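A.B. asks: Please see the structure below; I have some questions.
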Amino acid sequence: MNAPIPLQKDKPALTDVQALRDSARRHIEEGAVTERYSADRDKVLEMLNEALATELVCVLRYRHDYFMARGIHSHAVATEFLEHSNAELAHADQIAERIVQLGGEPDLNPDAITGRSHAEYRIGKTLQEALKENLVAERIAIESYREMVQFVGDDDPTTRRMLEEILAVEEEHADDLADLLQDQARRK
Ligand SMILES: [Fe+2]
Ligand SMILES: [Fe+2]
């Protein structure tokens, strides 16, 4: 057995190259998941499927609102809804891709999606209400992504980085919606 090479006292030791190579060869059917993957994989997969469901509910809500946004002043808002819907779909794809890399299966069964989603499919009756509902959903997404980032911590840096990137976009979305909401209020 190759002993790890000690570094400084407070830093974790690096494994020597041969041990790394040997470890990589074992369980190659696990794909991207190696022996050192220290996160609770089942938990991470469950969490990612919840995030996937949340994104898909947001895709549908934003798309509904895009088609329903009518009136001379709603053009900018409608465009924003469509952009957000497409961004949420891109997030869903990123998450599904990561689930597969981790050896899981993205659950795209429509019957299960509503129950698993953190955000709700709530439709506003007016443009203002629609903006508000979307803002609430974004704020829910922001909170849950923040929690997921903390949960993953240093155990799965790739998943964490993806979640952080998505989180930053959700914050932009919330910011856009807050601006549009203010504009709408000013018009009244
Ligand atoms: Fe998203
Ligand atoms: Fe978003």
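Just so we're on the same page: first chain in the structure tokens is A, next is B, and so on; residues restart at 1 for each chain, and ligands are numbered from 1 in the order they show up.
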Do you know which residues are within 12 Å of ligand 2 using only C-alpha atoms and all ligand atoms? Can you write them as a PyMOL selection string?

C.D. replies: chain A and resi 51+54-62+80-92+119+133-143+145+165-177

A.B. asks: Hey, can you spit out that residue selection with N, CA and C atoms as a short mmCIF file (atom, residue, chain, number, x, y, z; two decimals), in the first residue's frame?

C.D. replies:
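In the end it all went to out.cif:
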data_model
loop_
_atom_site.label_atom_id
_atom_site.label_comp_id
_atom_site.auth_asym_id
_atom_site.auth_seq_id
_atom_site.Cartn_x
_atom_site.Cartn_y
_atom_site.Cartn_z
N ALA A 51 -34.33 19.80 -7.32
CA ALA A 51 -33.96 21.03 -8.04
C ALA A 51 -34.44 20.95 -9.49
N THR A 54 -38.10 21.64 -9.57
CA THR A 54 -38.32 23.06 -9.34
C THR A 54 -38.09 23.86 -10.62
N GLU A 55 -37.00 23.56 -11.30
CA GLU A 55 -36.69 24.28 -12.55
C GLU A 55 -37.80 24.06 -13.58
N LEU A 56 -38.28 22.81 -13.69
CA LEU A 56 -39.29 22.52 -14.72
C LEU A 56 -40.61 23.21 -14.42
N VAL A 57 -40.98 23.28 -13.16
CA VAL A 57 -42.19 24.02 -12.79
C VAL A 57 -42.01 25.49 -13.18
N CYS A 58 -40.81 26.01 -12.98
CA CYS A 58 -40.54 27.41 -13.32
C CYS A 58 -40.56 27.62 -14.85
N VAL A 59 -40.06 26.65 -15.60
CA VAL A 59 -40.11 26.73 -17.07
C VAL A 59 -41.57 26.93 -17.49
N LEU A 60 -42.45 26.10 -16.94
CA LEU A 60 -43.86 26.11 -17.36
C LEU A 60 -44.57 27.39 -16.92
N ARG A 61 -44.30 27.81 -15.69
CA ARG A 61 -44.96 29.03 -15.20
C ARG A 61 -44.54 30.25 -16.01
N TYR A 62 -43.24 30.38 -16.24
CA TYR A 62 -42.75 31.51 -17.03
C TYR A 62 -43.31 31.47 -18.46
N GLU A 80 -38.96 39.19 -20.96
CA GLU A 80 -38.23 38.74 -19.79
C GLU A 80 -38.72 37.35 -19.35
N PHE A 81 -40.04 37.16 -19.36
CA PHE A 81 -40.60 35.86 -18.98
C PHE A 81 -40.05 34.75 -19.88
N LEU A 82 -40.00 35.03 -21.17
CA LEU A 82 -39.51 34.02 -22.10
C LEU A 82 -38.02 33.72 -21.84
N GLU A 83 -37.26 34.80 -21.64
CA GLU A 83 -35.82 34.60 -21.34
C GLU A 83 -35.63 33.75 -20.09
N HIS A 84 -36.41 34.07 -19.06
CA HIS A 84 -36.27 33.32 -17.80
C HIS A 84 -36.67 31.86 -18.01
N SER A 85 -37.76 31.66 -18.76
CA SER A 85 -38.22 30.29 -19.01
C SER A 85 -37.10 29.47 -19.68
N ASN A 86 -36.46 30.08 -20.66
CA ASN A 86 -35.38 29.38 -21.37
C ASN A 86 -34.18 29.14 -20.44
N ALA A 87 -33.90 30.10 -19.58
CA ALA A 87 -32.78 29.93 -18.64
C ALA A 87 -33.08 28.78 -17.67
N GLU A 88 -34.34 28.68 -17.21
CA GLU A 88 -34.69 27.61 -16.26
C GLU A 88 -34.57 26.24 -16.96
N LEU A 89 -34.92 26.22 -18.25
CA LEU A 89 -34.79 24.96 -18.99
C LEU A 89 -33.31 24.57 -19.11
N ALA A 90 -32.47 25.55 -19.34
CA ALA A 90 -31.03 25.27 -19.41
C ALA A 90 -30.53 24.74 -18.06
N HIS A 91 -31.05 25.31 -16.96
CA HIS A 91 -30.67 24.81 -15.63
C HIS A 91 -31.12 23.36 -15.46
N ALA A 92 -32.37 23.10 -15.89
CA ALA A 92 -32.90 21.72 -15.78
C ALA A 92 -31.98 20.75 -16.52
N ALA A 119 -40.74 25.19 -5.66
CA ALA A 119 -41.60 26.32 -6.04
C ALA A 119 -42.95 25.78 -6.52
N GLU A 133 -45.65 36.50 -8.32
CA GLU A 133 -45.56 35.04 -8.15
C GLU A 133 -44.20 34.51 -8.62
N ASN A 134 -43.73 35.06 -9.73
CA ASN A 134 -42.42 34.62 -10.23
C ASN A 134 -41.29 35.04 -9.30
N LEU A 135 -41.46 36.21 -8.73
CA LEU A 135 -40.44 36.69 -7.79
C LEU A 135 -40.41 35.79 -6.54
N VAL A 136 -41.59 35.42 -6.07
CA VAL A 136 -41.66 34.52 -4.90
C VAL A 136 -40.96 33.19 -5.25
N ALA A 137 -41.25 32.66 -6.44
CA ALA A 137 -40.65 31.39 -6.86
C ALA A 137 -39.12 31.51 -6.94
N GLU A 138 -38.64 32.63 -7.46
CA GLU A 138 -37.19 32.83 -7.55
C GLU A 138 -36.57 32.89 -6.16
N ARG A 139 -37.28 33.54 -5.25
CA ARG A 139 -36.75 33.66 -3.89
C ARG A 139 -36.72 32.29 -3.20
N ILE A 140 -37.69 31.46 -3.51
CA ILE A 140 -37.68 30.09 -2.98
C ILE A 140 -36.48 29.34 -3.57
N ALA A 141 -36.29 29.50 -4.88
CA ALA A 141 -35.16 28.81 -5.54
C ALA A 141 -33.83 29.28 -4.95
N ILE A 142 -33.71 30.59 -4.73
CA ILE A 142 -32.46 31.13 -4.16
C ILE A 142 -32.17 30.48 -2.81
N GLU A 143 -33.21 30.44 -1.96
CA GLU A 143 -33.02 29.84 -0.63
C GLU A 143 -32.64 28.36 -0.74
N TYR A 145 -31.27 26.71 -3.30
CA TYR A 145 -29.92 26.51 -3.87
C TYR A 145 -28.84 26.84 -2.84
N GLU A 165 -23.40 28.45 -9.70
CA GLU A 165 -23.64 29.17 -10.96
C GLU A 165 -25.14 29.40 -11.16
N ILE A 166 -25.92 28.35 -10.91
CA ILE A 166 -27.37 28.49 -11.06
C ILE A 166 -27.90 29.52 -10.06
N LEU A 167 -27.42 29.41 -8.83
CA LEU A 167 -27.84 30.35 -7.78
C LEU A 167 -27.63 31.80 -8.23
N ALA A 168 -26.48 32.09 -8.83
CA ALA A 168 -26.17 33.46 -9.26
C ALA A 168 -27.18 33.92 -10.32
N VAL A 169 -27.59 33.02 -11.20
CA VAL A 169 -28.57 33.38 -12.23
C VAL A 169 -29.94 33.63 -11.60
N GLU A 170 -30.31 32.80 -10.62
CA GLU A 170 -31.62 33.00 -9.95
C GLU A 170 -31.64 34.35 -9.24
N GLU A 171 -30.50 34.75 -8.71
CA GLU A 171 -30.44 36.06 -8.05
C GLU A 171 -30.65 37.18 -9.08
N GLU A 172 -30.06 37.00 -10.26
CA GLU A 172 -30.29 37.99 -11.33
C GLU A 172 -31.76 38.03 -11.72
N HIS A 173 -32.37 36.84 -11.83
CA HIS A 173 -33.79 36.78 -12.18
C HIS A 173 -34.63 37.54 -11.17
N ALA A 174 -34.35 37.30 -9.89
CA ALA A 174 -35.13 37.97 -8.84
C ALA A 174 -34.96 39.48 -8.94
N ASP A 175 -33.75 39.89 -9.23
CA ASP A 175 -33.44 41.30 -9.36
C ASP A 175 -34.21 41.92 -10.55
N ASP A 176 -34.19 41.23 -11.69
CA ASP A 176 -34.95 41.69 -12.87
C ASP A 176 -36.43 41.85 -12.54
N LEU A 177 -36.97 40.84 -11.85
CA LEU A 177 -38.41 40.86 -11.55
C LEU A 177 -38.75 42.00 -10.60
#

A.B. asks: Write out as a PyMOL selection string the residues lying within 12 Å of Arg116 in chain A, counting only C-alpha atoms and excluding same-chain residues fewer than 5 positions away.

C.D. replies: chain A and resi 46-57+107-111+121

A.B. asks: Save the residues we just selected, all heavy atoms, as a compact mmCIF listing (two decimals), in the first residue's frame?

C.D. replies:
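Below you can see selection_20.txt, which holds the result:
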# COMPACT_ATOMS: atom_id res chain seq x y z
N GLU A 46 -31.15 12.83 -4.74
CA GLU A 46 -32.52 13.19 -4.33
C GLU A 46 -32.68 14.71 -4.40
O GLU A 46 -33.66 15.24 -4.92
CB GLU A 46 -32.72 12.68 -2.90
CG GLU A 46 -34.13 12.74 -2.39
CD GLU A 46 -34.18 12.37 -0.91
OE1 GLU A 46 -33.54 11.36 -0.51
OE2 GLU A 46 -34.84 13.11 -0.14
N MET A 47 -31.67 15.39 -3.89
CA MET A 47 -31.67 16.85 -3.87
C MET A 47 -31.66 17.42 -5.29
O MET A 47 -32.38 18.36 -5.61
CB MET A 47 -30.39 17.24 -3.12
CG MET A 47 -30.22 18.65 -2.77
SD MET A 47 -28.54 18.81 -2.08
CE MET A 47 -27.58 18.90 -3.58
N LEU A 48 -30.87 16.82 -6.16
CA LEU A 48 -30.79 17.30 -7.54
C LEU A 48 -32.10 17.04 -8.28
O LEU A 48 -32.52 17.86 -9.11
CB LEU A 48 -29.61 16.66 -8.29
CG LEU A 48 -28.22 17.11 -7.84
CD1 LEU A 48 -27.14 16.39 -8.63
CD2 LEU A 48 -28.04 18.62 -7.98
N ASN A 49 -32.77 15.94 -7.97
CA ASN A 49 -34.06 15.70 -8.61
C ASN A 49 -35.11 16.70 -8.13
O ASN A 49 -36.00 17.08 -8.88
CB ASN A 49 -34.53 14.25 -8.39
CG ASN A 49 -34.18 13.38 -9.60
OD1 ASN A 49 -34.42 13.76 -10.76
ND2 ASN A 49 -33.61 12.22 -9.35
N GLU A 50 -34.98 17.14 -6.88
CA GLU A 50 -35.89 18.19 -6.39
C GLU A 50 -35.61 19.50 -7.13
O GLU A 50 -36.51 20.22 -7.52
CB GLU A 50 -35.71 18.40 -4.88
CG GLU A 50 -36.37 17.29 -4.08
CD GLU A 50 -36.12 17.43 -2.58
OE1 GLU A 50 -35.77 18.53 -2.11
OE2 GLU A 50 -36.28 16.41 -1.88
N ALA A 51 -34.33 19.80 -7.32
CA ALA A 51 -33.96 21.03 -8.04
C ALA A 51 -34.44 20.95 -9.49
O ALA A 51 -34.95 21.93 -10.05
CB ALA A 51 -32.44 21.23 -8.00
N LEU A 52 -34.33 19.78 -10.08
CA LEU A 52 -34.79 19.57 -11.47
C LEU A 52 -36.29 19.84 -11.56
O LEU A 52 -36.76 20.55 -12.46
CB LEU A 52 -34.46 18.13 -11.89
CG LEU A 52 -34.94 17.69 -13.27
CD1 LEU A 52 -34.31 18.53 -14.36
CD2 LEU A 52 -34.60 16.22 -13.50
N ALA A 53 -37.05 19.28 -10.62
CA ALA A 53 -38.50 19.49 -10.62
C ALA A 53 -38.83 20.97 -10.46
O ALA A 53 -39.71 21.51 -11.14
CB ALA A 53 -39.13 18.67 -9.49
N THR A 54 -38.10 21.64 -9.57
CA THR A 54 -38.32 23.06 -9.34
C THR A 54 -38.09 23.86 -10.62
O THR A 54 -38.89 24.71 -11.00
CB THR A 54 -37.37 23.58 -8.23
OG1 THR A 54 -37.55 22.75 -7.08
CG2 THR A 54 -37.66 25.02 -7.87
N GLU A 55 -37.00 23.56 -11.30
CA GLU A 55 -36.69 24.28 -12.55
C GLU A 55 -37.80 24.06 -13.58
O GLU A 55 -38.21 24.98 -14.27
CB GLU A 55 -35.35 23.80 -13.12
CG GLU A 55 -34.13 24.17 -12.28
CD GLU A 55 -33.83 25.67 -12.28
OE1 GLU A 55 -34.50 26.44 -13.00
OE2 GLU A 55 -32.93 26.06 -11.54
N LEU A 56 -38.28 22.81 -13.69
CA LEU A 56 -39.29 22.52 -14.72
C LEU A 56 -40.61 23.21 -14.42
O LEU A 56 -41.27 23.71 -15.34
CB LEU A 56 -39.47 21.00 -14.85
CG LEU A 56 -38.24 20.31 -15.47
CD1 LEU A 56 -38.35 18.80 -15.36
CD2 LEU A 56 -38.05 20.72 -16.93
N VAL A 57 -40.98 23.28 -13.16
CA VAL A 57 -42.19 24.02 -12.79
C VAL A 57 -42.01 25.49 -13.18
O VAL A 57 -42.92 26.13 -13.71
CB VAL A 57 -42.51 23.85 -11.29
CG1 VAL A 57 -43.52 24.86 -10.81
CG2 VAL A 57 -43.02 22.43 -11.02
N ASP A 107 -35.62 12.27 -12.89
CA ASP A 107 -37.03 11.90 -12.86
C ASP A 107 -37.83 12.98 -13.57
O ASP A 107 -38.02 14.07 -13.04
CB ASP A 107 -37.50 11.72 -11.41
CG ASP A 107 -38.91 11.13 -11.37
OD1 ASP A 107 -39.55 11.06 -12.45
OD2 ASP A 107 -39.36 10.75 -10.28
N LEU A 108 -38.30 12.66 -14.76
CA LEU A 108 -39.06 13.63 -15.55
C LEU A 108 -40.53 13.25 -15.65
O LEU A 108 -41.25 13.75 -16.50
CB LEU A 108 -38.43 13.79 -16.95
CG LEU A 108 -37.03 14.39 -16.92
CD1 LEU A 108 -36.34 14.25 -18.27
CD2 LEU A 108 -37.07 15.85 -16.52
N ASN A 109 -40.96 12.35 -14.76
CA ASN A 109 -42.36 11.95 -14.75
C ASN A 109 -43.21 13.14 -14.32
O ASN A 109 -43.08 13.62 -13.19
CB ASN A 109 -42.51 10.78 -13.77
CG ASN A 109 -43.95 10.29 -13.71
OD1 ASN A 109 -44.87 10.94 -14.22
ND2 ASN A 109 -44.12 9.14 -13.09
N PRO A 110 -44.11 13.60 -15.20
CA PRO A 110 -44.90 14.80 -14.88
C PRO A 110 -45.71 14.63 -13.58
O PRO A 110 -45.92 15.60 -12.86
CB PRO A 110 -45.84 14.95 -16.07
CG PRO A 110 -45.29 14.11 -17.15
CD PRO A 110 -44.42 13.06 -16.53
N ASP A 111 -46.17 13.41 -13.30
CA ASP A 111 -46.96 13.19 -12.10
C ASP A 111 -46.17 13.49 -10.82
O ASP A 111 -46.73 13.85 -9.80
CB ASP A 111 -47.43 11.72 -12.02
CG ASP A 111 -48.45 11.41 -13.09
OD1 ASP A 111 -49.06 12.36 -13.61
OD2 ASP A 111 -48.62 10.21 -13.42
N TYR A 121 -46.63 26.04 -8.83
CA TYR A 121 -47.15 26.55 -10.12
C TYR A 121 -48.31 27.47 -9.78
O TYR A 121 -49.47 27.09 -9.80
CB TYR A 121 -47.60 25.39 -11.00
CG TYR A 121 -48.02 25.82 -12.39
CD1 TYR A 121 -47.07 26.02 -13.39
CD2 TYR A 121 -49.36 26.03 -12.71
CE1 TYR A 121 -47.45 26.43 -14.65
CE2 TYR A 121 -49.75 26.43 -13.97
CZ TYR A 121 -48.79 26.62 -14.93
OH TYR A 121 -49.16 27.02 -16.20

A.B. asks: Would you work out the distance separating CA of Arg186 in chain A from CA of Arg63 in chain A, expressed in Å to one decimal?

C.D. replies: 25.0 Å

A.B. asks: Which residues are near range 97-105 of chain A? Cut-off 8 Å, only C-alpha atoms, ignore same chain within fewer than 6 positions. Put them as a list in words.

C.D. replies: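 Answer for this query is Glu30, Gly31, Ala32, Val33, Arg41, Leu45, Leu48, Asn49 and Thr159 of chain A.
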
A.B. asks: Env of Leu181 in chain A: 8 Å cut, atoms = only C-alpha atoms, seq-sep filter 3 positions within chain, self excluded. Answer as a list in words.

C.D. replies: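 Close residues of Leu181 in chain A: Gln128, Leu131, Lys132, Leu177, Ala178, Gln184 and Ala185 of chain A.
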
A.B. asks: Record the distance separating CA of Pro106 in chain A and CA of His64 in chain A, expressed in Å with one decimal.

C.D. replies: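 These atoms are spaced 23.7 Å apart.
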
A.B. asks: Considering only C-alpha atoms, state which residue in the set A:Ala130, A:Tyr37, A:Thr15, A:Glu29 is at the smallest distance from Pro157 in chain A.

C.D. replies: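 For Pro157 in chain A, the nearest of the given residues is A:Tyr37.
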
A.B. asks: Assign secondary structure with DSSP using the backbone only, and return the residues of range 1-176 of chain A in alpha helix (DSSP H) as a PyMOL selection string.

C.D. replies: chain A and resi 17-25+41-68+75-101+110-116+127-152+157-176
